[in-house]
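**Student:** First, the structure itself, so that you have it in front of you.
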Amino acid sequence: MLLLALLLLSLLAAARLLWGQWRLRPLHLPPRVPGLLHLRQPDLPGHLLGLARQFGPVYRLRLSLQEVVVLNSKRTIEDAMIKKWVDFAGRPRMLSYKLVSPAEQDLSLGDYSPLWKAHKKLARSALLLGVRGSMEPLVEQLTQEFCERMRARAGAPVDIQREFSLLTCSVISCLTFGVKDAATVRPIHDCVQELMRTWDHWSVQILDVIPFLRFFPNPGLQRLRRAMRTRDRIVEQQLRRHKESLVPGQWRDMTDYMLHGVWKQSAEEGAGQLLEGHVHMAVVDLFIGGTETTATTLSWALAFLLHHPEILRRLQEELDRELGPADPGSRVPYKERARLPLLNATISEVLRLRPVVPLALPHRTRRPSSIFGYHIPEGTVVIPNLQAAHLDETVWEEPHEFRPDRFLEPGAGPGGLPFGCGARVCLGEPLARLELFVVLAHVLRAFTPLPPAGALPALQPQPWGGINLKVQPFQVRLQPRDHPGPGARQ
């Protein structure tokens, strides 16, 4: 029975493909790349960049049964996502998206609409206005507590990815729920980890290729549903706690702010607008998008610095010279980040070389459009290859080399598109940039990262298997710096 179903599905897919090709024959479409097994590449973003050298920065190919258009340069990505953002702001409705957001109230995965726009405006206002005054002090406080925990371990090897992940999850928990105690944060952190593992697993991702398989036994799908029930239980408990103690006209955190916004809109505009379910999914997006991505970038930064001790030494000299010794309670003002040009350049270079979501999330055209003279029909799935834009040899000299000094040269531009651009730019970019600056500044002021037993971490990512560009697990010794450099300001 299963074999017959797969055969019928294959015949239907072939018929759909032939019909689509016949219907689009008058259009000037991007060149087509042959082959059907591109998804099996262990480095899919790099593979797509290699194809760009042969077929140009815009081309079509088949990823499983879906034909997509891939954009492989900063110019093409900005043309689509900024200049023609209305055309390219859609999101495809894949089965895995529907599994994670069954009510379609998710920001990251939701399709563009006036309601989605209002949803994003509310979540962005909660981040930039609702917790604007508390965001930097909170990141400072939690980072100082992190450094104290690391100091207590006296240079012992630590799983730095996990430690950074717990730190970033604590930041999101405080900003979103107003809580930072381990008893609350660790279950949230473990739930986020399980959600990402199960959603990235092939047994779930294959459902986007063969949706019919969801009707057959699938242990991976069962694990995903269990993780989602845990996710929803945690968020609903926090929403209930907030509603019971909410004071009209006042907010303590982002959840309070968003609940106020939903209730105010409901009172003014009636039903059919933003609901509490939108607050629920905005919280989920903040945890999924704001925990592992920032932690992974911090881990990549330490991995590169372990391979480049001369840059690490210069960074510490800059920190000592500008900020003095790392005393408990001392701050690293984000508004004064221009005083630390090498630290800013190092962050830009890490984000350029290792954008954590190198292929972003796929877009979908909402109406017919064009890129570089090629027709892009309505409903086309478009993938912006951010990593390819960051490794473009026509833009970057020695693009694969770790060279923070490239951003210190006169006329150096911004570091690429690590957070995307246009209507779908990452909601948490301001928070992520703040965390990267504050955490690295504190850690490098207080510690000298060292590889355990001289074993340097791998700089090649884990084989491609999902959305994130993951660092291979490694340990690091954070050796306390008892004596700042000779140029330190006392």
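Ligands are numbered from 1 in the order shown, chains are lettered A, B, ... in the order of the structure tokens, and residues start at 1 in each chain.
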Residues of range 301-480 of chain A in strand (DSSP E) according to DSSP, as number ranges by chain?

**Tutor:** A: 363-364, 369-371, 374-376, 381-384, 447-450, 475-480

**Student:** Suppose we keep N, CA and C atoms; can you now write the selection as a PDB file, in the first residue's frame?

**Tutor:**
```pdb
ATOM      1  N   HIS A 363      11.507  32.516   1.422  1.00  0.00           N
ATOM      2  CA  HIS A 363      10.473  33.503   1.107  1.00  0.00           C
ATOM      3  C   HIS A 363       9.586  32.951  -0.006  1.00  0.00           C
ATOM      4  N   ARG A 364       8.487  33.635  -0.249  1.00  0.00           N
ATOM      5  CA  ARG A 364       7.578  33.274  -1.348  1.00  0.00           C
ATOM      6  C   ARG A 364       7.067  34.560  -1.977  1.00  0.00           C
ATOM      7  N   SER A 369       7.145  39.162 -10.160  1.00  0.00           N
ATOM      8  CA  SER A 369       8.179  40.169  -9.984  1.00  0.00           C
ATOM      9  C   SER A 369       9.361  39.815 -10.884  1.00  0.00           C
ATOM     10  N   SER A 370      10.487  40.463 -10.638  1.00  0.00           N
ATOM     11  CA  SER A 370      11.679  40.198 -11.444  1.00  0.00           C
ATOM     12  C   SER A 370      12.923  40.502 -10.622  1.00  0.00           C
ATOM     13  N   ILE A 371      14.019  39.842 -10.979  1.00  0.00           N
ATOM     14  CA  ILE A 371      15.332  40.092 -10.382  1.00  0.00           C
ATOM     15  C   ILE A 371      16.364  40.022 -11.496  1.00  0.00           C
ATOM     16  N   TYR A 374      15.290  38.680 -14.826  1.00  0.00           N
ATOM     17  CA  TYR A 374      14.614  37.380 -14.852  1.00  0.00           C
ATOM     18  C   TYR A 374      13.209  37.516 -14.270  1.00  0.00           C
ATOM     19  N   HIS A 375      12.243  36.858 -14.910  1.00  0.00           N
ATOM     20  CA  HIS A 375      10.887  36.827 -14.371  1.00  0.00           C
ATOM     21  C   HIS A 375      10.840  35.884 -13.163  1.00  0.00           C
ATOM     22  N   ILE A 376      10.165  36.311 -12.103  1.00  0.00           N
ATOM     23  CA  ILE A 376       9.934  35.478 -10.918  1.00  0.00           C
ATOM     24  C   ILE A 376       8.423  35.391 -10.732  1.00  0.00           C
ATOM     25  N   VAL A 381       9.084  30.018  -4.521  1.00  0.00           N
ATOM     26  CA  VAL A 381       9.867  29.965  -3.282  1.00  0.00           C
ATOM     27  C   VAL A 381      11.268  30.506  -3.577  1.00  0.00           C
ATOM     28  N   VAL A 382      11.711  31.460  -2.766  1.00  0.00           N
ATOM     29  CA  VAL A 382      12.988  32.142  -2.988  1.00  0.00           C
ATOM     30  C   VAL A 382      13.864  31.964  -1.743  1.00  0.00           C
ATOM     31  N   ILE A 383      15.104  31.522  -1.961  1.00  0.00           N
ATOM     32  CA  ILE A 383      16.047  31.309  -0.861  1.00  0.00           C
ATOM     33  C   ILE A 383      17.168  32.335  -0.963  1.00  0.00           C
ATOM     34  N   PRO A 384      17.308  33.223   0.023  1.00  0.00           N
ATOM     35  CA  PRO A 384      18.453  34.141   0.044  1.00  0.00           C
ATOM     36  C   PRO A 384      19.660  33.463   0.699  1.00  0.00           C
ATOM     37  N   PHE A 447      38.893  36.948  31.230  1.00  0.00           N
ATOM     38  CA  PHE A 447      39.500  35.632  31.003  1.00  0.00           C
ATOM     39  C   PHE A 447      40.350  35.639  29.740  1.00  0.00           C
ATOM     40  N   THR A 448      41.262  34.700  29.712  1.00  0.00           N
ATOM     41  CA  THR A 448      41.963  34.357  28.476  1.00  0.00           C
ATOM     42  C   THR A 448      41.479  32.979  28.052  1.00  0.00           C
ATOM     43  N   PRO A 449      40.755  32.869  26.950  1.00  0.00           N
ATOM     44  CA  PRO A 449      40.297  31.540  26.489  1.00  0.00           C
ATOM     45  C   PRO A 449      41.490  30.704  26.033  1.00  0.00           C
ATOM     46  N   LEU A 450      41.518  29.452  26.460  1.00  0.00           N
ATOM     47  CA  LEU A 450      42.588  28.531  26.107  1.00  0.00           C
ATOM     48  C   LEU A 450      41.990  27.193  25.710  1.00  0.00           C
ATOM     49  N   GLN A 475      35.353  22.242  23.923  1.00  0.00           N
ATOM     50  CA  GLN A 475      35.512  22.774  25.268  1.00  0.00           C
ATOM     51  C   GLN A 475      36.565  23.880  25.256  1.00  0.00           C
ATOM     52  N   VAL A 476      36.488  24.736  26.251  1.00  0.00           N
ATOM     53  CA  VAL A 476      37.444  25.822  26.375  1.00  0.00           C
ATOM     54  C   VAL A 476      37.738  26.036  27.853  1.00  0.00           C
ATOM     55  N   ARG A 477      38.958  26.438  28.155  1.00  0.00           N
ATOM     56  CA  ARG A 477      39.329  26.841  29.514  1.00  0.00           C
ATOM     57  C   ARG A 477      39.338  28.364  29.568  1.00  0.00           C
ATOM     58  N   LEU A 478      38.557  28.925  30.475  1.00  0.00           N
ATOM     59  CA  LEU A 478      38.526  30.368  30.667  1.00  0.00           C
ATOM     60  C   LEU A 478      39.449  30.690  31.842  1.00  0.00           C
ATOM     61  N   GLN A 479      40.694  31.013  31.492  1.00  0.00           N
ATOM     62  CA  GLN A 479      41.699  31.281  32.508  1.00  0.00           C
ATOM     63  C   GLN A 479      41.558  32.712  33.013  1.00  0.00           C
ATOM     64  N   PRO A 480      41.296  32.920  34.321  1.00  0.00           N
ATOM     65  CA  PRO A 480      41.139  34.293  34.833  1.00  0.00           C
ATOM     66  C   PRO A 480      42.378  35.138  34.578  1.00  0.00           C
TER      67      PRO A 480
END
```

**Student:** Which residues, written as a PyMOL selection string, have at least one atom at most 9 Å from Lys83 in chain A, with only C-alpha atoms counted and residues fewer than 4 positions away on the same chain left out?

**Tutor:** chain A and resi 78-79+422

**Student:** Keeping only C-alpha atoms, take the residues you just selected and write them out as a PDB file, in the first residue's frame.

**Tutor:**
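part27.pdb, freshly written:
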```pdb
ATOM      1  CA  GLU A  78      18.789  43.463  -1.369  1.00  0.00           C
ATOM      2  CA  ASP A  79      17.065  43.979  -4.725  1.00  0.00           C
ATOM      3  CA  GLY A 422      13.704  43.993   4.492  1.00  0.00           C
TER       4      GLY A 422
END
```

**Student:** Counting only C-alpha atoms, what is within 10 Å of Ala303 in chain A, bar same-chain residues fewer than 6 positions away, as a PDB file with N, CA and C atoms, in the first residue's frame?

**Tutor:**
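Once written, selection-v8.pdb looks like this:
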```
ATOM      1  N   ILE A 160      31.393  25.265  26.237  1.00  0.00           N
ATOM      2  CA  ILE A 160      31.086  26.684  26.140  1.00  0.00           C
ATOM      3  C   ILE A 160      29.786  26.947  25.402  1.00  0.00           C
ATOM      4  N   THR A 297      26.810  32.059  17.821  1.00  0.00           N
ATOM      5  CA  THR A 297      27.724  33.104  17.347  1.00  0.00           C
ATOM      6  C   THR A 297      28.816  33.380  18.369  1.00  0.00           C
ATOM      7  N   VAL A 350      32.978  37.613  12.469  1.00  0.00           N
ATOM      8  CA  VAL A 350      32.358  36.335  12.847  1.00  0.00           C
ATOM      9  C   VAL A 350      30.985  36.208  12.197  1.00  0.00           C
ATOM     10  N   PRO A 449      40.755  32.869  26.950  1.00  0.00           N
ATOM     11  CA  PRO A 449      40.297  31.540  26.489  1.00  0.00           C
ATOM     12  C   PRO A 449      41.490  30.704  26.033  1.00  0.00           C
ATOM     13  N   LEU A 450      41.518  29.452  26.460  1.00  0.00           N
ATOM     14  CA  LEU A 450      42.588  28.531  26.107  1.00  0.00           C
ATOM     15  C   LEU A 450      41.990  27.193  25.710  1.00  0.00           C
ATOM     16  N   PRO A 451      42.598  26.510  24.749  1.00  0.00           N
ATOM     17  CA  PRO A 451      42.089  25.179  24.372  1.00  0.00           C
ATOM     18  C   PRO A 451      42.563  24.125  25.371  1.00  0.00           C
ATOM     19  N   LEU A 456      42.658  22.453  19.528  1.00  0.00           N
ATOM     20  CA  LEU A 456      41.894  23.558  18.954  1.00  0.00           C
ATOM     21  C   LEU A 456      40.555  23.062  18.408  1.00  0.00           C
ATOM     22  N   PRO A 457      39.508  23.887  18.515  1.00  0.00           N
ATOM     23  CA  PRO A 457      38.204  23.471  17.976  1.00  0.00           C
ATOM     24  C   PRO A 457      38.208  23.471  16.455  1.00  0.00           C
ATOM     25  N   ALA A 458      37.321  22.691  15.881  1.00  0.00           N
ATOM     26  CA  ALA A 458      37.168  22.678  14.424  1.00  0.00           C
ATOM     27  C   ALA A 458      36.491  23.968  13.980  1.00  0.00           C
ATOM     28  N   LEU A 459      36.945  24.503  12.850  1.00  0.00           N
ATOM     29  CA  LEU A 459      36.322  25.700  12.290  1.00  0.00           C
ATOM     30  C   LEU A 459      35.331  25.366  11.182  1.00  0.00           C
ATOM     31  N   VAL A 471      28.219  25.045  15.236  1.00  0.00           N
ATOM     32  CA  VAL A 471      29.617  24.808  15.530  1.00  0.00           C
ATOM     33  C   VAL A 471      29.772  23.390  16.067  1.00  0.00           C
ATOM     34  N   GLN A 472      30.875  22.737  15.719  1.00  0.00           N
ATOM     35  CA  GLN A 472      31.129  21.417  16.273  1.00  0.00           C
ATOM     36  C   GLN A 472      31.442  21.557  17.762  1.00  0.00           C
ATOM     37  N   PHE A 474      32.898  21.790  21.332  1.00  0.00           N
ATOM     38  CA  PHE A 474      34.270  21.900  21.820  1.00  0.00           C
ATOM     39  C   PHE A 474      34.252  22.451  23.231  1.00  0.00           C
ATOM     40  N   GLN A 475      35.353  22.242  23.923  1.00  0.00           N
ATOM     41  CA  GLN A 475      35.512  22.774  25.268  1.00  0.00           C
ATOM     42  C   GLN A 475      36.565  23.880  25.256  1.00  0.00           C
ATOM     43  N   VAL A 476      36.488  24.736  26.251  1.00  0.00           N
ATOM     44  CA  VAL A 476      37.444  25.822  26.375  1.00  0.00           C
ATOM     45  C   VAL A 476      37.738  26.036  27.853  1.00  0.00           C
TER      46      VAL A 476
END
```

**Student:** Between A:Leu221, A:Val70, A:Met281, A:Val439, single out the one closest to Pro45 in chain A, counting only C-alpha atoms.

**Tutor:** A:Val70

**Student:** Would you pick out the contacts of range 95-111 of chain A at 7 Å or less, using only C-alpha atoms, so that residues sharing its chain but fewer than 4 positions from it are not included, and give the list as a ChimeraX atom specification?

**Tutor:** /A:90-91,116,120,204-205,207-208,211,277-278,281-282,285

**Student:** Report as a Markdown table the residues of range 390-453 of chain A within 12 Å of range 339-348 of chain A, each with its shortest atom pair and distance in Å (one decimal), using only C-alpha atoms, ordered by chain and increasing residue number.

**Tutor:**
```
| residue | atom | partner | partner_atom | distance |
| --- | --- | --- | --- | --- |
| A:His390 | CA | A:Ser348 | CA | 10.8 |
| A:Phe402 | CA | A:Thr346 | CA | 8.9 |
| A:Arg403 | CA | A:Thr346 | CA | 8.0 |
| A:Pro404 | CA | A:Thr346 | CA | 4.8 |
| A:Asp405 | CA | A:Ala345 | CA | 6.7 |
| A:Arg406 | CA | A:Ala345 | CA | 7.8 |
| A:Phe407 | CA | A:Ala345 | CA | 5.3 |
| A:Leu408 | CA | A:Ala345 | CA | 6.7 |
| A:Glu409 | CA | A:Ala345 | CA | 10.1 |
| A:Ala412 | CA | A:Ala345 | CA | 10.0 |
| A:Gly413 | CA | A:Ser348 | CA | 10.3 |
| A:Pro414 | CA | A:Ser348 | CA | 7.7 |
| A:Gly415 | CA | A:Ser348 | CA | 5.2 |
| A:Gly416 | CA | A:Ser348 | CA | 8.2 |
| A:Leu417 | CA | A:Ser348 | CA | 10.1 |
| A:Pro418 | CA | A:Ser348 | CA | 9.0 |
| A:Phe419 | CA | A:Ser348 | CA | 11.6 |
| A:Ala432 | CA | A:Ile347 | CA | 11.1 |
| A:Arg433 | CA | A:Ile347 | CA | 8.7 |
| A:Leu434 | CA | A:Ile347 | CA | 10.9 |
| A:Glu435 | CA | A:Ile347 | CA | 10.9 |
| A:Leu436 | CA | A:Ile347 | CA | 7.3 |
| A:Phe437 | CA | A:Asn344 | CA | 7.4 |
| A:Val438 | CA | A:Leu343 | CA | 10.2 |
| A:Val439 | CA | A:Leu343 | CA | 11.2 |
| A:Leu440 | CA | A:Leu343 | CA | 8.2 |
| A:Ala441 | CA | A:Leu343 | CA | 7.6 |
| A:His442 | CA | A:Leu343 | CA | 11.4 |
| A:Val443 | CA | A:Leu343 | CA | 12.0 |
| A:Leu444 | CA | A:Leu343 | CA | 9.9 |
| A:Arg445 | CA | A:Leu343 | CA | 11.4 |
```

**Student:** Excluding range 226-228 of chain A and its own-chain neighbours fewer than 6 positions away, which residues fall within 8 Å of it when counting only C-alpha atoms? Please give them as a list in words.

**Tutor:** Val100, Cys191, Glu194 and Leu195 of chain A

**Student:** Can you write just those residues out, N, CA and C atoms, as a PDB file, in the first residue's frame?

**Tutor:**
```pdb
ATOM      1  N   VAL A 100       4.461  23.181  13.647  1.00  0.00           N
ATOM      2  CA  VAL A 100       4.982  24.006  14.734  1.00  0.00           C
ATOM      3  C   VAL A 100       4.010  25.122  15.092  1.00  0.00           C
ATOM      4  N   CYS A 191      13.524  22.615  26.825  1.00  0.00           N
ATOM      5  CA  CYS A 191      12.414  22.518  25.869  1.00  0.00           C
ATOM      6  C   CYS A 191      12.822  23.107  24.521  1.00  0.00           C
ATOM      7  N   GLU A 194      15.087  20.659  22.750  1.00  0.00           N
ATOM      8  CA  GLU A 194      14.362  19.503  22.218  1.00  0.00           C
ATOM      9  C   GLU A 194      13.542  19.894  20.989  1.00  0.00           C
ATOM     10  N   LEU A 195      12.925  21.057  21.009  1.00  0.00           N
ATOM     11  CA  LEU A 195      12.161  21.514  19.845  1.00  0.00           C
ATOM     12  C   LEU A 195      13.055  21.630  18.617  1.00  0.00           C
TER      13      LEU A 195
END
```

**Student:** Can you pull out every residue within 7 Å of Gln161 in chain A, counting only C-alpha atoms, but drop anything in the same chain fewer than 2 positions away, and send it as a PyMOL selection string?

**Tutor:** chain A and resi 159+163-165+295-296+299

**Student:** Write the selection just made, keeping N, CA and C atoms, as a PDB file, in the first residue's frame?

**Tutor:**
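result-v7.pdb, freshly written:
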```
ATOM      1  N   ASP A 159      31.938  23.141  28.501  1.00  0.00           N
ATOM      2  CA  ASP A 159      31.203  23.070  27.236  1.00  0.00           C
ATOM      3  C   ASP A 159      30.646  24.464  26.981  1.00  0.00           C
ATOM      4  N   GLU A 163      27.043  26.611  27.977  1.00  0.00           N
ATOM      5  CA  GLU A 163      27.067  27.710  28.936  1.00  0.00           C
ATOM      6  C   GLU A 163      26.526  28.994  28.307  1.00  0.00           C
ATOM      7  N   PHE A 164      26.929  29.275  27.081  1.00  0.00           N
ATOM      8  CA  PHE A 164      26.398  30.455  26.393  1.00  0.00           C
ATOM      9  C   PHE A 164      24.899  30.303  26.142  1.00  0.00           C
ATOM     10  N   SER A 165      24.465  29.094  25.834  1.00  0.00           N
ATOM     11  CA  SER A 165      23.056  28.852  25.563  1.00  0.00           C
ATOM     12  C   SER A 165      22.210  29.106  26.811  1.00  0.00           C
ATOM     13  N   ALA A 295      23.976  32.236  21.100  1.00  0.00           N
ATOM     14  CA  ALA A 295      24.951  31.366  21.761  1.00  0.00           C
ATOM     15  C   ALA A 295      25.915  30.755  20.751  1.00  0.00           C
ATOM     16  N   THR A 296      25.416  30.378  19.594  1.00  0.00           N
ATOM     17  CA  THR A 296      26.272  29.792  18.569  1.00  0.00           C
ATOM     18  C   THR A 296      27.255  30.822  18.029  1.00  0.00           C
ATOM     19  N   SER A 299      29.989  31.235  20.466  1.00  0.00           N
ATOM     20  CA  SER A 299      30.882  30.067  20.415  1.00  0.00           C
ATOM     21  C   SER A 299      31.803  30.139  19.206  1.00  0.00           C
TER      22      SER A 299
END
```

**Student:** Which residues in range 266-479 of chain A does DSSP call helix (DSSP H, G or I)? List them as number ranges by chain.

**Tutor:** A: 266-269, 276-290, 292-307, 309-323, 334-339, 341-353, 386-390, 404-408, 422-424, 429-446, 452-454

**Student:** As a PyMOL selection string, please: the residues near Val58 in chain A (cut-off 8 Å, only C-alpha atoms, same-chain neighbours under 6 positions excluded).

**Tutor:** chain A and resi 30-31+52+69-72+76+371

**Student:** To one decimal in Å, tell me the separation between CA of Leu61 in chain A and CA of Thr380 in chain A.

**Tutor:**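 Result for CA of Leu61 in chain A versus CA of Thr380 in chain A: 11.7 Å, one decimal.
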